[in-house]
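Here is structure.cif, consisting of mmCIF, C-alpha atoms:
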```
data_structure
loop_
_atom_site.label_atom_id
_atom_site.label_comp_id
_atom_site.auth_asym_id
_atom_site.auth_seq_id
_atom_site.Cartn_x
_atom_site.Cartn_y
_atom_site.Cartn_z
CA MET A 1 -21.74 -2.87 -30.06
CA GLY A 2 -25.36 -3.04 -28.91
CA HIS A 3 -26.50 -2.76 -25.31
CA GLY A 4 -27.75 -6.36 -25.27
CA HIS A 5 -24.42 -7.63 -26.55
CA LEU A 6 -22.57 -5.68 -23.83
CA LYS A 7 -24.80 -7.13 -21.16
CA ASN A 8 -24.13 -10.70 -22.32
CA ASN A 9 -20.35 -10.25 -22.49
CA TYR A 10 -19.46 -8.62 -19.17
CA ALA A 11 -16.46 -10.91 -18.69
CA PHE A 12 -14.83 -9.56 -21.84
CA VAL A 13 -15.94 -5.94 -21.49
CA LEU A 14 -14.81 -5.67 -17.86
CA LEU A 15 -11.28 -6.87 -18.58
CA PRO A 16 -10.09 -3.38 -19.66
CA ALA A 17 -11.24 -1.94 -16.32
CA PHE A 18 -9.04 -4.42 -14.47
CA THR A 19 -6.00 -3.93 -16.70
CA VAL A 20 -6.36 -0.14 -16.53
CA GLY A 21 -6.53 -0.45 -12.74
CA ILE A 22 -3.24 -2.37 -12.74
CA LYS A 23 -1.59 0.34 -14.84
CA ASP A 24 -2.97 3.09 -12.60
CA GLY A 25 -1.87 1.24 -9.47
CA ILE A 26 1.73 0.65 -10.56
CA ASN A 27 3.12 4.17 -10.31
CA PRO A 28 5.27 5.99 -7.74
CA CYS A 29 2.22 7.21 -5.79
CA GLY A 30 0.55 3.80 -5.79
CA LEU A 31 3.75 1.99 -4.81
CA ALA A 32 4.25 4.51 -2.01
CA SER A 33 0.98 3.30 -0.47
CA ALA A 34 2.35 -0.27 -0.47
CA LEU A 35 5.46 0.92 1.38
CA ILE A 36 3.30 2.75 3.91
CA LEU A 37 1.47 -0.54 4.47
CA ILE A 38 4.79 -2.31 5.07
CA LEU A 39 5.84 0.37 7.57
CA TYR A 40 2.50 0.07 9.35
CA LEU A 41 2.77 -3.72 9.56
CA SER A 42 6.37 -3.39 10.75
CA TRP A 43 5.04 -1.43 13.70
CA ILE A 44 1.99 -3.49 14.74
CA GLY A 45 2.46 -6.91 13.11
CA TYR A 46 3.81 -8.98 16.01
CA THR A 47 1.93 -12.10 14.89
CA GLN A 48 0.82 -13.50 11.55
CA LYS A 49 -2.79 -13.03 12.64
CA ARG A 50 -2.24 -9.33 13.29
CA VAL A 51 -0.35 -8.90 10.01
CA PHE A 52 -3.18 -10.51 8.04
CA THR A 53 -6.05 -8.81 9.91
CA PHE A 54 -4.69 -5.26 9.99
CA GLY A 55 -3.20 -5.58 6.51
CA LEU A 56 -6.57 -6.68 5.15
CA LEU A 57 -8.31 -3.76 6.89
CA PHE A 58 -5.80 -1.36 5.34
CA ILE A 59 -6.39 -2.81 1.85
CA MET A 60 -10.19 -2.84 2.21
CA ALA A 61 -10.15 0.81 3.30
CA SER A 62 -8.05 1.59 0.24
CA ILE A 63 -10.49 -0.21 -2.07
CA VAL A 64 -13.53 1.57 -0.59
CA THR A 65 -11.80 4.95 -0.83
CA GLN A 66 -10.79 4.24 -4.43
CA PHE A 67 -14.40 3.33 -5.20
CA GLY A 68 -15.46 6.72 -3.88
CA LEU A 69 -12.75 8.40 -5.95
CA VAL A 70 -13.87 6.92 -9.26
CA GLN A 71 -17.44 8.01 -8.55
CA GLY A 72 -16.34 11.58 -7.86
CA VAL A 73 -17.18 11.64 -4.14
CA PHE A 74 -13.96 13.50 -3.28
CA ASP A 75 -13.72 15.72 -6.37
CA VAL A 76 -14.51 18.97 -4.57
CA PHE A 77 -11.75 18.35 -2.05
CA LEU A 78 -9.15 16.89 -4.42
CA THR A 79 -9.50 19.54 -7.13
CA ALA A 80 -8.97 22.43 -4.71
CA PRO A 81 -5.60 24.14 -5.37
CA THR A 82 -4.80 24.03 -1.64
CA SER A 83 -5.27 20.25 -1.51
CA ILE A 84 -3.12 19.68 -4.58
CA SER A 85 -0.31 21.84 -3.18
CA LEU A 86 -0.54 20.08 0.21
CA PHE A 87 -0.38 16.65 -1.41
CA ARG A 88 2.70 17.64 -3.42
CA ILE A 89 4.48 18.96 -0.34
CA LEU A 90 3.66 15.82 1.65
CA TYR A 91 4.75 13.56 -1.20
CA PHE A 92 7.99 15.50 -1.55
CA LEU A 93 8.72 14.97 2.15
CA MET A 94 7.69 11.34 1.82
CA ALA A 95 10.06 10.86 -1.13
CA LEU A 96 12.97 12.26 0.89
CA GLY A 97 11.99 10.03 3.81
CA PHE A 98 11.89 6.94 1.57
CA ILE A 99 15.33 7.71 0.14
CA LEU A 100 16.70 8.15 3.67
CA LEU A 101 15.11 4.86 4.78
CA GLY A 102 16.58 3.14 1.73
CA ALA A 103 20.07 4.38 2.59
CA ILE A 104 19.67 3.35 6.25
CA ASN A 105 18.49 -0.12 5.25
CA ILE A 106 21.55 -0.54 3.03
CA PHE A 107 23.76 0.35 5.99
CA ASP A 108 21.84 -2.04 8.27
CA ARG A 109 22.10 -4.83 5.68
CA LEU A 110 25.87 -4.42 5.43
CA GLN A 111 26.27 -4.33 9.21
CA TYR A 112 24.07 -7.36 9.77
CA GLY A 113 25.88 -9.30 7.05
CA LYS A 114 29.10 -8.85 9.03
CA PHE A 115 28.05 -9.13 12.67
CA PHE A 116 24.47 -10.58 12.68
CA ASN A 117 23.62 -8.21 15.49
CA THR A 118 20.24 -6.48 15.27
CA LYS A 119 21.25 -4.06 18.03
CA LEU A 120 23.44 -2.28 15.46
CA PHE A 121 20.44 -1.43 13.28
CA LYS A 122 19.59 2.21 12.72
CA CYS A 123 16.07 1.03 11.74
CA LYS A 124 14.65 -1.42 14.26
CA VAL A 125 13.74 -4.95 13.26
CA PRO A 126 10.11 -5.12 12.06
CA ALA A 127 7.65 -6.53 14.57
CA PHE A 128 7.02 -9.64 12.45
CA LEU A 129 10.76 -10.50 12.52
CA ARG A 130 11.41 -10.13 16.24
CA ILE A 131 13.60 -13.07 17.23
CA HIS A 132 12.96 -13.17 20.97
CA GLU A 133 9.55 -14.57 21.86
CA ALA A 134 9.44 -12.55 25.09
CA GLU A 135 9.82 -9.36 23.09
CA ARG A 136 6.96 -10.35 20.81
CA THR A 137 4.69 -11.47 23.64
CA ALA A 138 5.12 -8.22 25.57
CA HIS A 139 3.62 -6.29 22.69
CA LYS A 140 0.79 -8.73 21.98
CA ARG A 141 -0.87 -7.92 25.27
CA GLY A 142 -3.26 -5.02 25.23
CA ASN A 143 -6.77 -4.03 26.06
CA VAL A 144 -9.71 -3.96 23.69
CA PHE A 145 -9.52 -0.20 23.22
CA ARG A 146 -5.94 -0.41 22.03
CA VAL A 147 -6.83 -3.10 19.50
CA ILE A 148 -9.78 -1.05 18.23
CA GLY A 149 -7.52 1.98 17.98
CA VAL A 150 -4.98 0.08 15.87
CA MET A 151 -7.78 -1.21 13.63
CA LEU A 152 -9.17 2.29 13.13
CA LEU A 153 -5.66 3.51 12.38
CA ALA A 154 -5.36 0.90 9.62
CA VAL A 155 -8.59 2.15 8.05
CA VAL A 156 -7.62 5.83 8.34
CA ILE A 157 -4.12 5.36 6.92
CA GLY A 158 -5.42 3.16 4.10
CA ALA A 159 -7.96 5.81 3.12
CA ILE A 160 -5.50 8.72 3.36
CA VAL A 161 -2.73 7.14 1.28
CA THR A 162 -5.31 6.27 -1.39
CA LEU A 163 -6.45 9.88 -1.52
CA PHE A 164 -2.82 10.96 -1.82
CA ALA A 165 -2.23 8.47 -4.64
CA SER A 166 -5.01 10.15 -6.65
CA LEU A 167 -2.50 12.92 -7.35
CA TYR A 168 -1.07 10.66 -10.07
CA PRO A 169 -3.15 11.08 -13.28
CA GLN A 170 -5.47 8.21 -14.17
CA LEU A 171 -5.92 6.75 -17.62
CA GLU A 172 -8.88 8.01 -19.64
CA TYR A 173 -10.82 4.73 -19.70
CA ILE A 174 -12.22 5.06 -16.18
CA PHE A 175 -13.50 8.56 -16.97
CA ILE A 176 -15.32 7.16 -20.00
CA ILE A 177 -17.03 4.57 -17.79
CA HIS A 178 -17.91 7.31 -15.29
CA SER A 179 -19.46 9.47 -18.05
CA TYR A 180 -21.40 6.45 -19.29
CA TYR A 181 -22.64 5.82 -15.73
CA MET A 182 -23.66 9.46 -15.18
CA ALA A 183 -25.45 9.54 -18.52
CA GLY A 184 -27.80 6.79 -17.33
CA GLY A 185 -25.97 3.77 -18.71
CA ASP A 186 -26.18 0.23 -17.36
CA MET A 187 -25.56 0.60 -13.62
CA ASN A 188 -24.45 -3.02 -13.10
CA PHE A 189 -21.86 -2.77 -15.84
CA ALA A 190 -20.49 0.56 -14.56
CA LEU A 191 -20.34 -0.49 -10.90
CA SER A 192 -18.76 -3.83 -11.79
CA SER A 193 -16.13 -1.99 -13.84
CA PHE A 194 -15.48 0.38 -10.92
CA ALA A 195 -15.15 -2.56 -8.51
CA GLN A 196 -12.66 -4.42 -10.70
CA TYR A 197 -10.69 -1.24 -11.28
CA CYS A 198 -10.50 -0.51 -7.53
CA VAL A 199 -9.30 -4.01 -6.68
CA ALA A 200 -6.66 -3.84 -9.41
CA THR A 201 -5.27 -0.53 -8.16
CA VAL A 202 -4.41 -2.03 -4.74
CA LEU A 203 -2.53 -5.04 -6.14
CA PRO A 204 0.81 -3.52 -4.99
CA GLN A 205 -0.60 -3.45 -1.44
CA ILE A 206 -1.85 -7.03 -1.74
CA PHE A 207 1.57 -8.11 -2.99
CA ALA A 208 3.24 -6.26 -0.11
CA LEU A 209 0.98 -8.02 2.42
CA ILE A 210 1.78 -11.43 0.91
CA VAL A 211 5.53 -10.72 1.02
CA VAL A 212 5.33 -9.68 4.68
CA LEU A 213 3.38 -12.84 5.53
CA ILE A 214 5.93 -15.03 3.73
CA VAL A 215 8.94 -13.32 5.31
CA GLY A 216 7.32 -13.58 8.74
CA LEU A 217 6.88 -17.35 8.29
CA MET A 218 10.54 -18.00 7.48
CA ARG A 219 12.16 -20.13 10.17
CA GLU A 220 15.67 -18.83 9.50
CA LYS A 221 15.24 -15.36 10.99
CA ARG A 222 18.74 -14.29 10.05
CA LYS A 223 18.09 -15.05 6.41
CA ALA A 224 14.65 -13.40 6.62
CA ILE A 225 16.18 -10.23 8.07
CA LEU A 226 18.80 -10.15 5.30
CA TYR A 227 16.08 -10.53 2.66
CA TYR A 228 13.89 -7.91 4.30
CA LYS A 229 16.68 -5.34 4.56
CA SER A 230 17.79 -5.92 0.96
CA ILE A 231 14.26 -5.71 -0.47
CA SER A 232 13.37 -2.71 1.71
CA ALA A 233 16.47 -0.81 0.62
CA ALA A 234 15.69 -1.37 -3.06
CA LEU A 235 12.00 -0.49 -2.71
CA PHE A 236 12.44 2.64 -0.61
CA LEU A 237 15.19 4.01 -2.85
CA SER A 238 13.40 3.27 -6.13
CA VAL A 239 10.01 4.57 -5.01
CA GLY A 240 11.54 7.63 -3.35
CA ILE A 241 13.49 8.53 -6.50
CA GLY A 242 10.40 7.82 -8.63
CA LEU A 243 8.29 10.16 -6.50
CA LEU A 244 10.88 12.94 -6.77
CA PHE A 245 11.03 12.50 -10.55
CA PHE A 246 7.22 12.65 -10.78
CA LEU A 247 6.96 15.75 -8.57
CA LEU A 248 9.82 17.64 -10.19
CA ARG A 249 8.95 16.72 -13.78
#
```
Same coordinates, now as structure tokens:
Amino acid sequence: MGHGHLKNNYAFVLLPAFTVGIKDGINPCGLASALILILYLSWIGYTQKRVFTFGLLFIMASIVTQFGLVQGVFDVFLTAPTSISLFRILYFLMALGFILLGAINIFDRLQYGKFFNTKLFKCKVPAFLRIHEAERTAHKRGNVFRVIGVMLLAVVIGAIVTLFASLYPQLEYIFIIHSYYMAGGDMNFALSSFAQYCVATVLPQIFALIVVLIVGLMREKRKAILYYKSISAALFLSVGIGLLFFLLR
């Protein structure tokens, strides 16, 4: 296919970059980043505005970091044997933590289904599901520095979990685009491919943010808590077991 034909058919040529990004994003390491986002929002998301704002910051940081990854900005750091070993150890601990959280959420779900008492929870109710308005309001107050700190934390965590997720091997297509780019190929085509790929890889995070927003909007808080505990238990257990399988394989 000639260069001119490629240039006139970006919409069709770029589609593989997006689909490859989806495949690379849906793996134990990528799904772990979505769970980290949920945990982060459970801690700071006392209002829908905070959930949306800080969740979006987290996702944007992940996209920017992924864009740097596909261009090789972090290669020196990520290819070092020490970094790879550190990532594996941290992921192993994370997998065990996810499995533990999954088991605890199952216990909480069973207890809440019987007594509807959040005080019996081993894992506290997420901030976006707090029933008492006074409890929510007390945490909404804060000075500017605290808000800035939470925003910076969203960016830092989003970047770090994306770097960790790079431990999972990518499909070959993105490396072909990178070689084409480095060889002096069409810059617009390569950068557009990278951008679509990076957005596609964070779709699990985007989905997680949407779910949190929807659950937070539910008027029946008891039902929302039951849904949250059930979904959380399934996600933490499945991703934790998936991470262990990937690391031990």
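Taking CA of Ser62 (chain A) and CA of Ile210 (chain A) as endpoints, the distance between them is 16.3 Å.
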Problem set entry | Output check: residues returned by the PyMOL selection byres ((chain A and resi 71-79) around 12), as a VMD selection string | chain A and resid 64 to 70 80 to 88 159 to 160 162 to 168 174 to 182 190 to 191 193 to 195 197 to 198
Problem set entry | Among the residues A:Ala154, A:Leu37, A:Leu247, A:Met218, the one that comes closest to Val202 (chain A) [using all atoms listed in the file] |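 Of A:Ala154, A:Leu37, A:Leu247, A:Met218, the one nearest Val202 (chain A) is A:Leu37, counting all atoms listed in the file.
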Exercise. Do you have the CA of Met94 (chain A)-CA of Ile38 (chain A) distance handy?
Worked result: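 Computing it gives 14.3 Å between the two atoms.
Closest approach to Pro169 (chain A) from the set A:Lys23, A:Lys122, A:Lys221, A:Lys49 is made by A:Lys23, with distances taken over all atoms listed in the file.
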Exercise. Which of these, A:Ala183, A:Gln205, A:Leu57, A:Leu129, has the shortest distance to Ile22 (chain A) once you count all atoms listed in the file?
Worked result: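 The answer is A:Gln205, which sits nearest to Ile22 (chain A).
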